[in-house]
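Asks: Compact mmCIF, C-alpha atoms and all ligand atoms, file query_6.txt:
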```txt
# COMPACT_ATOMS: atom_id res chain seq x y z
CA MET A 1 5.45 5.28 -21.09
CA SER A 2 5.54 7.56 -18.09
CA VAL A 3 7.22 10.94 -18.39
CA PHE A 4 8.68 10.21 -14.94
CA ALA A 5 11.57 7.78 -15.32
CA TYR A 6 15.09 7.11 -14.04
CA ARG A 7 17.92 8.38 -16.21
CA TYR A 8 21.55 8.05 -15.16
CA GLY A 9 20.33 6.87 -11.76
CA VAL A 10 18.13 9.91 -11.04
CA LEU A 11 14.37 10.27 -11.44
CA HIS A 12 13.62 12.71 -14.25
CA ALA A 13 10.47 14.48 -15.41
CA GLU A 14 10.81 14.53 -19.19
CA SER A 15 14.48 15.63 -19.53
CA VAL A 16 14.71 17.44 -16.20
CA SER A 17 16.44 15.91 -13.18
CA LEU A 18 14.33 16.14 -10.04
CA ALA A 19 17.52 16.41 -7.98
CA ALA A 20 18.44 19.52 -9.97
CA VAL A 21 15.03 21.08 -9.39
CA ALA A 22 15.31 20.30 -5.67
CA ARG A 23 18.69 22.05 -5.51
CA GLU A 24 17.26 25.16 -7.14
CA VAL A 25 13.76 25.32 -5.65
CA GLY A 26 14.17 23.52 -2.31
CA THR A 27 11.76 20.91 -1.01
CA PRO A 28 8.95 20.12 -0.91
CA PHE A 29 7.63 21.10 -4.34
CA TYR A 30 4.93 20.06 -6.77
CA LEU A 31 6.03 19.39 -10.31
CA TYR A 32 3.94 18.90 -13.45
CA SER A 33 4.93 17.65 -16.89
CA THR A 34 3.75 19.60 -19.92
CA ALA A 35 4.11 16.50 -22.10
CA ALA A 36 1.83 14.54 -19.80
CA LEU A 37 -0.75 17.34 -19.52
CA GLU A 38 -0.85 17.66 -23.30
CA ALA A 39 -0.98 13.91 -23.86
CA HIS A 40 -3.86 13.48 -21.42
CA TYR A 41 -5.84 16.34 -22.94
CA SER A 42 -5.23 15.20 -26.49
CA ALA A 43 -6.23 11.64 -25.64
CA TYR A 44 -9.48 12.88 -24.12
CA ALA A 45 -10.33 15.29 -26.92
CA GLY A 46 -9.18 12.76 -29.52
CA ALA A 47 -11.44 10.04 -28.14
CA PHE A 48 -14.41 12.33 -28.75
CA ALA A 49 -13.29 13.57 -32.18
CA GLY A 50 -16.14 13.03 -34.60
CA GLN A 51 -18.75 13.69 -31.95
CA ASP A 52 -20.20 17.17 -31.40
CA ALA A 53 -18.34 17.37 -28.11
CA GLY A 54 -16.08 19.77 -26.22
CA VAL A 55 -13.81 19.35 -23.22
CA CYS A 56 -14.20 21.84 -20.37
CA TYR A 57 -11.31 21.17 -18.00
CA ALA A 58 -12.52 21.10 -14.37
CA LEU A 59 -10.22 23.73 -12.89
CA LYS A 60 -10.71 22.63 -9.32
CA ALA A 61 -8.42 19.63 -9.82
CA ASN A 62 -5.45 21.94 -10.43
CA SER A 63 -6.04 25.61 -11.05
CA ASN A 64 -2.52 26.92 -11.53
CA LEU A 65 -2.66 29.49 -14.33
CA ALA A 66 0.15 27.83 -16.30
CA VAL A 67 -1.64 24.46 -16.16
CA ILE A 68 -4.89 26.05 -17.33
CA ARG A 69 -3.10 27.89 -20.13
CA THR A 70 -1.45 24.67 -21.28
CA PHE A 71 -4.94 23.25 -21.84
CA ALA A 72 -6.38 26.52 -23.18
CA ARG A 73 -3.74 26.53 -25.93
CA LEU A 74 -5.06 23.12 -27.03
CA GLY A 75 -8.59 24.48 -27.27
CA ALA A 76 -9.96 23.47 -23.88
CA GLY A 77 -12.89 25.15 -22.20
CA GLY A 78 -13.21 25.37 -18.44
CA ASP A 79 -15.59 24.08 -15.79
CA VAL A 80 -15.48 26.46 -12.82
CA VAL A 81 -17.09 26.34 -9.39
CA SER A 82 -16.41 29.84 -8.08
CA VAL A 83 -15.95 33.36 -9.39
CA GLY A 84 -12.29 32.98 -8.45
CA GLU A 85 -11.93 30.01 -10.76
CA MET A 86 -13.82 31.87 -13.47
CA LYS A 87 -11.31 34.71 -13.23
CA ARG A 88 -8.47 32.18 -13.41
CA ALA A 89 -9.96 30.59 -16.52
CA LEU A 90 -10.30 33.98 -18.23
CA ALA A 91 -6.83 35.11 -17.12
CA ALA A 92 -5.31 31.91 -18.47
CA GLY A 93 -6.90 32.49 -21.87
CA ILE A 94 -10.04 30.37 -21.89
CA PRO A 95 -12.68 32.37 -23.77
CA ALA A 96 -15.88 33.13 -21.85
CA GLU A 97 -17.94 31.21 -24.37
CA ARG A 98 -16.15 28.02 -23.36
CA ILE A 99 -16.74 28.40 -19.62
CA VAL A 100 -19.36 26.45 -17.68
CA PHE A 101 -20.14 27.51 -14.10
CA SER A 102 -21.00 24.56 -11.83
CA GLY A 103 -21.47 24.29 -8.10
CA VAL A 104 -24.22 23.82 -5.58
CA GLY A 105 -24.12 27.27 -3.97
CA LYS A 106 -23.41 30.07 -6.41
CA THR A 107 -23.94 33.50 -4.85
CA ARG A 108 -25.77 36.35 -6.57
CA GLU A 109 -22.45 38.18 -6.92
CA GLU A 110 -21.01 35.15 -8.70
CA MET A 111 -24.06 34.93 -10.98
CA ARG A 112 -23.72 38.60 -11.87
CA ALA A 113 -20.02 38.21 -12.65
CA ALA A 114 -20.70 35.15 -14.81
CA LEU A 115 -23.45 36.92 -16.76
CA GLU A 116 -21.31 40.02 -17.20
CA ALA A 117 -18.50 37.87 -18.60
CA GLY A 118 -20.97 36.19 -20.96
CA ILE A 119 -20.07 32.59 -20.15
CA HIS A 120 -21.45 29.61 -22.05
CA GLN A 121 -23.71 28.15 -19.39
CA LEU A 122 -24.64 28.12 -15.71
CA ASN A 123 -25.43 24.74 -14.23
CA VAL A 124 -28.19 25.24 -11.66
CA GLU A 125 -28.74 22.82 -8.79
CA SER A 126 -31.84 23.97 -6.91
CA ILE A 127 -35.04 26.02 -7.18
CA PRO A 128 -33.84 28.76 -4.80
CA GLU A 129 -30.71 29.07 -6.92
CA LEU A 130 -32.87 29.23 -10.07
CA GLU A 131 -35.00 32.00 -8.59
CA ALA A 132 -31.94 33.98 -7.56
CA LEU A 133 -30.45 33.63 -11.04
CA SER A 134 -33.73 34.75 -12.62
CA GLU A 135 -33.75 37.88 -10.48
CA VAL A 136 -30.11 38.68 -11.19
CA ALA A 137 -30.37 38.09 -14.95
CA ASP A 138 -33.66 39.98 -15.23
CA SER A 139 -32.23 42.96 -13.33
CA MET A 140 -29.34 43.02 -15.79
CA GLY A 141 -31.64 42.70 -18.80
CA VAL A 142 -29.98 39.48 -19.97
CA VAL A 143 -31.08 35.88 -20.37
CA ALA A 144 -29.03 33.21 -18.57
CA PRO A 145 -28.35 30.00 -20.52
CA VAL A 146 -29.11 27.31 -17.95
CA ALA A 147 -28.60 23.59 -17.61
CA PHE A 148 -29.99 21.86 -14.58
CA ARG A 149 -27.73 19.42 -12.85
CA VAL A 150 -29.92 16.44 -12.22
CA ASN A 151 -29.20 13.89 -9.55
CA PRO A 152 -29.79 10.55 -11.26
CA ASP A 153 -29.64 8.50 -8.02
CA VAL A 154 -26.82 6.32 -9.30
CA ASP A 155 -24.15 4.77 -7.09
CA ALA A 156 -20.79 5.83 -8.52
CA LYS A 157 -19.01 3.06 -6.54
CA THR A 158 -16.24 5.40 -5.44
CA HIS A 159 -15.08 6.80 -2.09
CA ALA A 160 -18.07 8.18 -0.12
CA LYS A 161 -16.51 11.63 0.10
CA ILE A 162 -16.33 11.98 -3.68
CA ALA A 163 -19.63 10.32 -4.66
CA THR A 164 -22.19 12.94 -5.71
CA GLY A 165 -24.95 11.21 -7.65
CA LYS A 166 -27.04 9.50 -4.98
CA LYS A 167 -30.36 10.88 -3.71
CA GLU A 168 -28.87 11.60 -0.30
CA ASN A 169 -26.02 13.72 -1.72
CA LYS A 170 -26.40 17.50 -1.68
CA PHE A 171 -25.89 17.77 -5.42
CA GLY A 172 -28.32 18.41 -8.23
CA ILE A 173 -32.09 18.41 -8.47
CA ASP A 174 -34.09 15.28 -7.87
CA TYR A 175 -34.46 13.31 -11.06
CA ASP A 176 -38.15 12.73 -10.39
CA HIS A 177 -38.84 16.45 -10.08
CA ALA A 178 -36.76 17.55 -13.04
CA ARG A 179 -39.68 18.09 -15.43
CA GLU A 180 -41.44 20.37 -12.93
CA VAL A 181 -38.25 22.37 -12.49
CA TYR A 182 -37.78 22.86 -16.24
CA ASN A 183 -41.40 23.98 -16.56
CA ARG A 184 -40.92 26.39 -13.70
CA ALA A 185 -37.70 27.69 -15.27
CA ALA A 186 -39.33 28.27 -18.67
CA ALA A 187 -41.87 30.56 -17.02
CA LEU A 188 -39.28 32.70 -15.23
CA PRO A 189 -37.81 35.89 -16.68
CA GLY A 190 -34.10 35.94 -17.47
CA ILE A 191 -33.81 32.15 -17.78
CA LYS A 192 -33.45 29.94 -20.83
CA PRO A 193 -33.17 26.21 -20.11
CA VAL A 194 -30.78 24.94 -22.77
CA GLY A 195 -29.31 21.76 -21.34
CA ILE A 196 -29.11 18.95 -18.84
CA ALA A 197 -26.03 18.39 -16.69
CA VAL A 198 -24.94 15.43 -14.61
CA HIS A 199 -21.84 14.58 -12.56
CA ILE A 200 -22.02 11.56 -10.31
CA GLY A 201 -18.63 11.53 -8.62
CA SER A 202 -14.90 11.33 -8.99
CA GLN A 203 -12.33 8.57 -9.42
CA LEU A 204 -14.82 6.23 -11.11
CA THR A 205 -13.17 3.06 -12.34
CA ASP A 206 -16.18 1.42 -13.95
CA LEU A 207 -18.26 2.51 -16.95
CA ALA A 208 -21.53 1.09 -15.61
CA PRO A 209 -22.48 4.00 -13.30
CA PHE A 210 -21.70 6.50 -16.06
CA ARG A 211 -23.86 4.53 -18.46
CA ALA A 212 -26.74 4.33 -16.00
CA ALA A 213 -26.58 8.08 -15.36
CA TYR A 214 -26.37 9.00 -19.05
CA GLU A 215 -29.28 6.74 -19.94
CA ARG A 216 -31.39 8.51 -17.36
CA VAL A 217 -30.32 11.86 -18.80
CA ALA A 218 -31.27 10.74 -22.33
CA ALA A 219 -34.69 9.58 -21.12
CA LEU A 220 -35.23 12.92 -19.41
CA LEU A 221 -34.21 14.74 -22.59
CA HIS A 222 -37.01 13.04 -24.52
CA GLN A 223 -39.55 13.97 -21.85
CA LEU A 224 -38.38 17.57 -21.74
CA ARG A 225 -38.57 17.91 -25.50
CA ALA A 226 -42.07 16.43 -25.42
CA ASP A 227 -42.88 19.08 -22.81
CA GLY A 228 -41.82 21.71 -25.34
CA HIS A 229 -38.32 22.61 -24.08
CA ASP A 230 -35.64 23.28 -26.65
CA ILE A 231 -32.81 21.29 -25.04
CA GLN A 232 -29.70 21.12 -27.21
CA ARG A 233 -26.87 20.54 -24.76
CA LEU A 234 -25.85 17.68 -22.51
CA ASP A 235 -23.11 18.22 -19.93
CA LEU A 236 -21.89 14.78 -18.90
CA GLY A 237 -19.53 15.87 -16.12
CA GLY A 238 -16.13 14.46 -15.27
CA GLY A 239 -15.14 11.73 -12.90
CA LEU A 240 -13.07 9.29 -14.91
CA GLY A 241 -10.61 7.65 -12.55
CA ILE A 242 -6.85 7.24 -12.81
CA THR A 243 -4.40 4.59 -11.69
CA TYR A 244 -2.96 5.40 -8.28
CA LYS A 245 -2.04 1.84 -7.41
CA SER A 246 -3.65 -0.95 -9.39
CA GLU A 247 -6.99 0.57 -10.45
CA ARG A 248 -7.96 -0.14 -14.05
CA PRO A 249 -10.02 2.88 -15.14
CA PRO A 250 -12.05 2.52 -18.32
CA ASP A 251 -10.38 3.07 -21.63
CA LEU A 252 -11.13 6.52 -23.09
CA ALA A 253 -12.17 4.93 -26.38
CA ASP A 254 -14.70 2.73 -24.57
CA TYR A 255 -15.97 5.69 -22.58
CA ALA A 256 -16.39 7.78 -25.75
CA ALA A 257 -18.08 4.89 -27.58
CA MET A 258 -20.51 4.46 -24.70
CA VAL A 259 -21.32 8.19 -24.79
CA ARG A 260 -21.88 8.01 -28.54
CA SER A 261 -24.13 4.97 -28.23
CA ILE A 262 -26.39 6.84 -25.81
CA THR A 263 -26.25 10.40 -27.16
CA GLY A 264 -25.26 9.98 -30.81
CA ASN A 265 -28.81 10.38 -32.15
CA LEU A 266 -30.00 13.07 -29.78
CA GLY A 267 -28.76 16.07 -31.75
CA CYS A 268 -27.10 17.56 -28.70
CA ARG A 269 -23.80 19.34 -28.16
CA ILE A 270 -21.90 17.29 -25.56
CA THR A 271 -19.71 18.85 -22.86
CA LEU A 272 -17.23 16.78 -20.87
CA GLU A 273 -15.68 18.06 -17.65
CA PRO A 274 -12.64 15.97 -16.79
CA GLY A 275 -10.37 17.15 -13.99
CA ARG A 276 -8.43 14.39 -12.30
CA SER A 277 -7.90 12.32 -15.44
CA LEU A 278 -6.15 15.26 -17.17
CA VAL A 279 -3.79 16.29 -14.38
CA GLY A 280 -3.55 13.53 -11.74
CA ASN A 281 -0.81 11.46 -13.29
CA ALA A 282 0.92 14.49 -14.79
CA GLY A 283 2.13 15.67 -11.39
CA ILE A 284 4.23 14.61 -8.42
CA LEU A 285 5.14 16.01 -5.03
CA VAL A 286 8.86 15.85 -4.25
CA SER A 287 9.90 15.83 -0.63
CA LYS A 288 13.03 15.22 1.43
CA VAL A 289 13.48 12.73 4.23
CA ILE A 290 14.31 14.78 7.32
CA TYR A 291 14.97 11.83 9.62
CA VAL A 292 14.62 8.11 9.57
CA LYS A 293 13.42 7.23 13.04
CA GLN A 294 13.53 3.69 14.31
CA GLY A 295 10.57 3.24 16.68
CA LEU A 296 10.01 0.29 18.95
CA HIS A 297 8.00 -1.61 16.37
CA ARG A 298 8.14 0.58 13.31
CA ARG A 299 10.54 2.48 11.15
CA PHE A 300 9.37 6.00 10.32
CA ALA A 301 10.52 8.11 7.40
CA ILE A 302 9.76 11.67 8.51
CA VAL A 303 9.57 13.81 5.37
CA ASP A 304 9.36 17.57 4.88
CA ALA A 305 5.97 17.41 3.12
CA ALA A 306 2.92 17.07 5.31
CA MET A 307 -0.85 16.68 5.33
CA ASN A 308 -1.28 20.41 4.71
CA ASP A 309 0.62 20.03 1.42
CA LEU A 310 -1.12 16.85 0.21
CA ILE A 311 -4.25 16.09 2.17
CA ARG A 312 -5.61 13.19 0.13
CA PRO A 313 -4.16 10.39 2.28
CA SER A 314 -5.60 11.79 5.51
CA LEU A 315 -8.88 12.96 3.92
CA TYR A 316 -9.73 9.97 1.72
CA GLU A 317 -7.31 7.26 2.86
CA ALA A 318 -5.87 7.79 -0.60
CA TYR A 319 -2.88 5.83 -1.86
CA HIS A 320 0.05 7.57 -3.54
CA GLY A 321 2.99 5.65 -4.92
CA ILE A 322 6.26 6.71 -3.29
CA VAL A 323 9.60 6.31 -5.05
CA PRO A 324 13.10 7.49 -4.19
CA VAL A 325 14.56 10.11 -6.54
CA ALA A 326 17.92 8.32 -6.51
CA GLU A 327 17.45 5.03 -8.33
CA PRO A 328 17.72 2.15 -5.84
CA GLU A 329 20.71 -0.12 -6.32
CA ALA A 330 20.01 -3.37 -8.07
CA GLY A 331 19.05 -5.96 -5.47
CA ALA A 332 18.17 -3.36 -2.81
CA VAL A 333 15.94 -5.08 -0.25
CA GLU A 334 12.71 -3.24 0.51
CA GLN A 335 11.75 -2.60 4.12
CA PRO A 336 8.44 -1.38 5.53
CA TYR A 337 8.30 2.33 6.40
CA ASP A 338 5.62 4.56 7.84
CA VAL A 339 6.03 7.70 5.76
CA VAL A 340 4.87 10.65 7.85
CA GLY A 341 5.02 14.43 7.85
CA PRO A 342 6.16 16.72 10.68
CA VAL A 343 2.69 18.11 11.57
CA CYS A 344 1.40 17.43 15.09
CA GLU A 345 -1.49 15.17 14.07
CA SER A 346 -1.50 11.41 13.79
CA GLY A 347 -3.45 11.88 10.55
CA ASP A 348 -0.30 13.37 9.07
CA THR A 349 0.61 10.02 7.58
CA PHE A 350 1.20 9.36 3.89
CA ALA A 351 1.73 5.61 4.03
CA VAL A 352 1.73 2.85 6.64
CA GLN A 353 4.15 -0.08 6.46
CA ARG A 354 5.01 0.76 2.87
CA PRO A 355 7.75 -1.43 1.42
CA LEU A 356 10.51 0.92 0.23
CA PRO A 357 14.18 0.60 -0.60
CA PRO A 358 16.42 1.71 2.27
CA LEU A 359 16.00 5.43 2.98
CA ARG A 360 18.47 7.73 4.68
CA ASP A 361 18.30 11.27 6.03
CA ASP A 362 18.28 13.86 3.20
CA ASP A 363 17.10 11.37 0.55
CA LEU A 364 14.55 12.77 -1.89
CA VAL A 365 11.29 10.92 -2.50
CA ALA A 366 8.51 11.55 -5.00
CA PHE A 367 4.83 11.07 -4.24
CA LEU A 368 3.28 9.98 -7.52
CA SER A 369 -0.11 10.84 -9.06
CA ALA A 370 -0.23 14.11 -7.12
CA GLY A 371 -1.24 16.46 -9.95
CA ALA A 372 -4.94 16.48 -9.07
CA TYR A 373 -6.44 17.71 -5.80
CA GLY A 374 -2.93 18.21 -4.44
CA ALA A 375 -1.63 21.79 -4.53
CA VAL A 376 -5.18 23.17 -4.80
CA MET A 377 -6.17 21.59 -1.48
CA SER A 378 -3.04 22.64 0.37
CA SER A 379 -3.01 25.04 3.30
CA SER A 380 -0.42 26.78 5.43
CA TYR A 381 -1.32 24.91 8.64
CA ASN A 382 1.52 25.06 11.18
CA THR A 383 2.69 28.22 9.32
CA ARG A 384 4.17 26.01 6.67
CA PRO A 385 4.54 28.09 3.48
CA LEU A 386 2.46 26.85 0.53
CA VAL A 387 4.50 24.41 -1.53
CA PRO A 388 5.84 25.88 -4.78
CA GLU A 389 4.74 24.49 -8.13
CA VAL A 390 7.08 23.78 -11.02
CA LEU A 391 6.22 23.11 -14.66
CA VAL A 392 8.58 21.06 -16.81
CA ASN A 393 8.66 21.29 -20.58
CA GLY A 394 11.28 19.12 -22.28
CA GLU A 395 14.63 20.26 -20.91
CA ARG A 396 13.23 23.39 -19.30
CA PHE A 397 11.48 24.00 -16.03
CA SER A 398 9.88 27.05 -14.53
CA VAL A 399 8.52 27.89 -11.09
CA ILE A 400 4.84 28.62 -11.75
CA ARG A 401 4.03 29.46 -8.12
CA PRO A 402 6.90 30.45 -5.85
CA ARG A 403 7.15 29.46 -2.22
CA PRO A 404 6.18 32.43 -0.06
CA THR A 405 8.59 33.39 2.71
CA VAL A 406 7.35 33.26 6.27
CA GLU A 407 7.87 37.04 6.36
CA GLU A 408 5.45 37.42 3.43
CA MET A 409 2.94 35.21 5.20
CA LEU A 410 3.13 37.32 8.36
CA ALA A 411 2.95 40.55 6.39
CA ALA A 412 -0.40 39.47 4.94
CA GLU A 413 -1.99 39.68 8.39
CA ARG A 414 -3.19 42.81 10.19
CA MET A 415 -3.08 43.83 13.82
CA PRO A 416 -6.26 45.48 15.22
CA ASP A 417 -5.69 48.96 16.68
CA TRP A 418 -6.29 47.74 20.23
CA LEU A 419 -3.30 45.41 20.27
C1 LIG B 501 -15.26 17.96 -9.61
C2 LIG B 501 -16.12 18.09 -10.80
C3 LIG B 501 -15.66 17.68 -12.05
C4 LIG B 501 -14.31 17.00 -12.25
O1 LIG B 501 -14.26 15.77 -11.62
P1 LIG B 501 -12.97 14.82 -11.84
O2 LIG B 501 -13.28 13.63 -11.04
O3 LIG B 501 -11.79 15.57 -11.34
O4 LIG B 501 -12.89 14.54 -13.30
C5 LIG B 501 -16.48 17.85 -13.14
N1 LIG B 501 -17.70 18.43 -13.01
C6 LIG B 501 -18.18 18.85 -11.83
C7 LIG B 501 -19.53 19.47 -11.75
C8 LIG B 501 -17.41 18.69 -10.68
O5 LIG B 501 -17.90 19.09 -9.50
```
What's the structure tokens form of this structure?
Ligand SMILES: *Cc1c(COP(=O)(O)O)cnc(C)c1O

Replies:
Amino acid sequence: MSVFAYRYGVLHAESVSLAAVAREVGTPFYLYSTAALEAHYSAYAGAFAGQDAGVCYALKANSNLAVIRTFARLGAGGDVVSVGEMKRALAAGIPAERIVFSGVGKTREEMRAALEAGIHQLNVESIPELEALSEVADSMGVVAPVAFRVNPDVDAKTHAKIATGKKENKFGIDYDHAREVYNRAAALPGIKPVGIAVHIGSQLTDLAPFRAAYERVAALLHQLRADGHDIQRLDLGGGLGITYKSERPPDLADYAAMVRSITGNLGCRITLEPGRSLVGNAGILVSKVIYVKQGLHRRFAIVDAAMNDLIRPSLYEAYHGIVPVAEPEAGAVEQPYDVVGPVCESGDTFAVQRPLPPLRDDDLVAFLSAGAYGAVMSSSYNTRPLVPEVLVNGERFSVIRPRPTVEEMLAAERMPDWL
């Protein structure tokens, strides 16, 4: 059952009316459900109970401190891709020893900060990055626990912009050169190769690419151990898809069983890095119809959210369900709408010819499945203030990131002394 449902004719999140939140916070706003966040995390962790496995939430999907803390309270670790995200994870209460630092271009400053914090592991993606890490760690007199992200050359069968596991992608080290890289690493000061990492893409809806990638990782593990490396950790990445429209992502139990069948006898600690699957369907973006405009051939619903607030439709041709906050009357006849934002770009389009119940000016609509890669990818293009974020918990709600005023936005800028 979804936590988003009509009650008394109004869409609610848990026991909170979205119309009431809109009155208090204004539109547009992002809203997340604690019950859904907790349910998704518990389902993930529960599926792997009985395996030596831990969940490191991939912060980049939604890095609001309150969201991170909700997971931290349940025992989650964090997968971070910048020093900023590492500081968020620590500030939200994730202990350093549960933080994994991923990413294809970590700077020396980021490496130093990660080693100072004493995080669990750095996932290294290239030889130059390895050499930099060796220098940094050696200069600090510490040893960096390293996993190499290998690129298994597997087609994740997802959108090209979020596929990361093919040879031609920028990510990871070539599978065929992995043994050389581990040998090189073992000879460098300040480096201890402890694991293998893999992450082949996002929004995967089929188990087969995961299985292919993990089998390659297991084969590599045997080779590396034969080469004398003490590899005890496998980081299997994230990437499990969610239902936006009619996708049927794999069952968590099937995913966990597949992982066990491949890694169960390897004696390795498993790390999982889900992002989207924990937060995507726990969040929505609520917006108001500014005008309904009848064009020559099309009817446009111009809403007060725009591509700068939720970029997924223009970036990935992504689909988001759209529902009115006021429950449509029984028998309401749907009509096709182009749902668009007010930004001066044709790409500022959320949906084309989408069948929707009749909309009028000032109606509220909710964009569904907007909890992942939504608020975190927003910008203030067109000097539109960043959309506030709201967290619901039962009958309560709280603004977890307020909307800045335009005056605050302007005050953050500086005039050079010659102007
Ligand atoms: C983005 C990313 C994740 C999370 O991916 P989702 O598809 O959101 O689950 C996990 N690990 C790494 C290394 C990533 O880059």

Asks: Produce as a ChimeraX atom specification the set of residues near ligand LIG 501 (chain B), where near means within 6 Å with all atoms listed in the file considered.

Replies: /A:58,61,102,199,202-203,237-240,273-277

Asks: Quick one: of A:Ala156, A:Leu356, A:Ala114, A:Met86, who's nearest to Gly241 of chain A, counting all atoms listed in the file?

Replies: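 Ranked by minimum distance to Gly241 of chain A, first place goes to A:Ala156.
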
Asks: What's around Asn281 of chain A at 8 Å? Count all atoms listed in the file, leave out sequence neighbours fewer than 6 positions away in its own chain, and write the answer as a PDB file with C-alpha atoms, keeping the file's coordinate frame.

Replies:
```pdb
ATOM      1  CA  ALA A  36       1.830  14.540 -19.800  1.00  0.00           C
ATOM      2  CA  ILE A 242      -6.850   7.240 -12.810  1.00  0.00           C
ATOM      3  CA  THR A 243      -4.400   4.590 -11.690  1.00  0.00           C
ATOM      4  CA  LEU A 368       3.280   9.980  -7.520  1.00  0.00           C
ATOM      5  CA  SER A 369      -0.110  10.840  -9.060  1.00  0.00           C
ATOM      6  CA  ALA A 370      -0.230  14.110  -7.120  1.00  0.00           C
ATOM      7  CA  GLY A 371      -1.240  16.460  -9.950  1.00  0.00           C
ATOM      8  CA  ALA A 372      -4.940  16.480  -9.070  1.00  0.00           C
TER       9      ALA A 372
END
```

Asks: Using all atoms listed in the file - which residues lie no farther than 12 Å from the point (-21.6, 35.0, -9.9) in the file's frame? Write them as number ranges by chain.

Replies: A: 80-87, 100-103, 105-119, 121-124, 129, 132-133, 136-137, 144

Asks: How would the residues just chosen look if you wrote them out with C-alpha atoms as a PDB file, keeping the file's coordinate frame?

Replies:
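File produced: part-v7.pdb:
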```
ATOM      1  CA  VAL A  80     -15.480  26.460 -12.820  1.00  0.00           C
ATOM      2  CA  VAL A  81     -17.090  26.340  -9.390  1.00  0.00           C
ATOM      3  CA  SER A  82     -16.410  29.840  -8.080  1.00  0.00           C
ATOM      4  CA  VAL A  83     -15.950  33.360  -9.390  1.00  0.00           C
ATOM      5  CA  GLY A  84     -12.290  32.980  -8.450  1.00  0.00           C
ATOM      6  CA  GLU A  85     -11.930  30.010 -10.760  1.00  0.00           C
ATOM      7  CA  MET A  86     -13.820  31.870 -13.470  1.00  0.00           C
ATOM      8  CA  LYS A  87     -11.310  34.710 -13.230  1.00  0.00           C
ATOM      9  CA  VAL A 100     -19.360  26.450 -17.680  1.00  0.00           C
ATOM     10  CA  PHE A 101     -20.140  27.510 -14.100  1.00  0.00           C
ATOM     11  CA  SER A 102     -21.000  24.560 -11.830  1.00  0.00           C
ATOM     12  CA  GLY A 103     -21.470  24.290  -8.100  1.00  0.00           C
ATOM     13  CA  GLY A 105     -24.120  27.270  -3.970  1.00  0.00           C
ATOM     14  CA  LYS A 106     -23.410  30.070  -6.410  1.00  0.00           C
ATOM     15  CA  THR A 107     -23.940  33.500  -4.850  1.00  0.00           C
ATOM     16  CA  ARG A 108     -25.770  36.350  -6.570  1.00  0.00           C
ATOM     17  CA  GLU A 109     -22.450  38.180  -6.920  1.00  0.00           C
ATOM     18  CA  GLU A 110     -21.010  35.150  -8.700  1.00  0.00           C
ATOM     19  CA  MET A 111     -24.060  34.930 -10.980  1.00  0.00           C
ATOM     20  CA  ARG A 112     -23.720  38.600 -11.870  1.00  0.00           C
ATOM     21  CA  ALA A 113     -20.020  38.210 -12.650  1.00  0.00           C
ATOM     22  CA  ALA A 114     -20.700  35.150 -14.810  1.00  0.00           C
ATOM     23  CA  LEU A 115     -23.450  36.920 -16.760  1.00  0.00           C
ATOM     24  CA  GLU A 116     -21.310  40.020 -17.200  1.00  0.00           C
ATOM     25  CA  ALA A 117     -18.500  37.870 -18.600  1.00  0.00           C
ATOM     26  CA  GLY A 118     -20.970  36.190 -20.960  1.00  0.00           C
ATOM     27  CA  ILE A 119     -20.070  32.590 -20.150  1.00  0.00           C
ATOM     28  CA  GLN A 121     -23.710  28.150 -19.390  1.00  0.00           C
ATOM     29  CA  LEU A 122     -24.640  28.120 -15.710  1.00  0.00           C
ATOM     30  CA  ASN A 123     -25.430  24.740 -14.230  1.00  0.00           C
ATOM     31  CA  VAL A 124     -28.190  25.240 -11.660  1.00  0.00           C
ATOM     32  CA  GLU A 129     -30.710  29.070  -6.920  1.00  0.00           C
ATOM     33  CA  ALA A 132     -31.940  33.980  -7.560  1.00  0.00           C
ATOM     34  CA  LEU A 133     -30.450  33.630 -11.040  1.00  0.00           C
ATOM     35  CA  VAL A 136     -30.110  38.680 -11.190  1.00  0.00           C
ATOM     36  CA  ALA A 137     -30.370  38.090 -14.950  1.00  0.00           C
ATOM     37  CA  ALA A 144     -29.030  33.210 -18.570  1.00  0.00           C
TER      38      ALA A 144
END
```

Asks: Can you pull out every residue within 9 Å of Asp230 of chain A, counting all atoms listed in the file, but drop anything in the same chain fewer than 4 positions away, and send it as a ChimeraX atom specification?

Replies: /A:193-195,224-225

Asks: Name all residues at most 7 Å from segment 344-355 of chain A (count only C-alpha atoms; drop same-chain ones fewer than 6 positions away) and give them as number ranges by chain.

Replies: A: 306-307, 313-314, 334-338

Asks: With a distance cut-off of 12 Å and only C-alpha atoms, select the neighbouring residues of Ala22 of chain A, excluding the residue or stretch itself and same-chain residues fewer than 3 positions from it, and output the selection as a ChimeraX atom specification.

Replies: /A:11-12,16-19,25-31,285-288,325,362-366,388-390,397,399

Asks: One number please: atom CA of Lys60 of chain A to atom CA of Gly280 of chain A, in Å, one decimal.

Replies: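 Distance reported for this atom pair: 11.8 Å.
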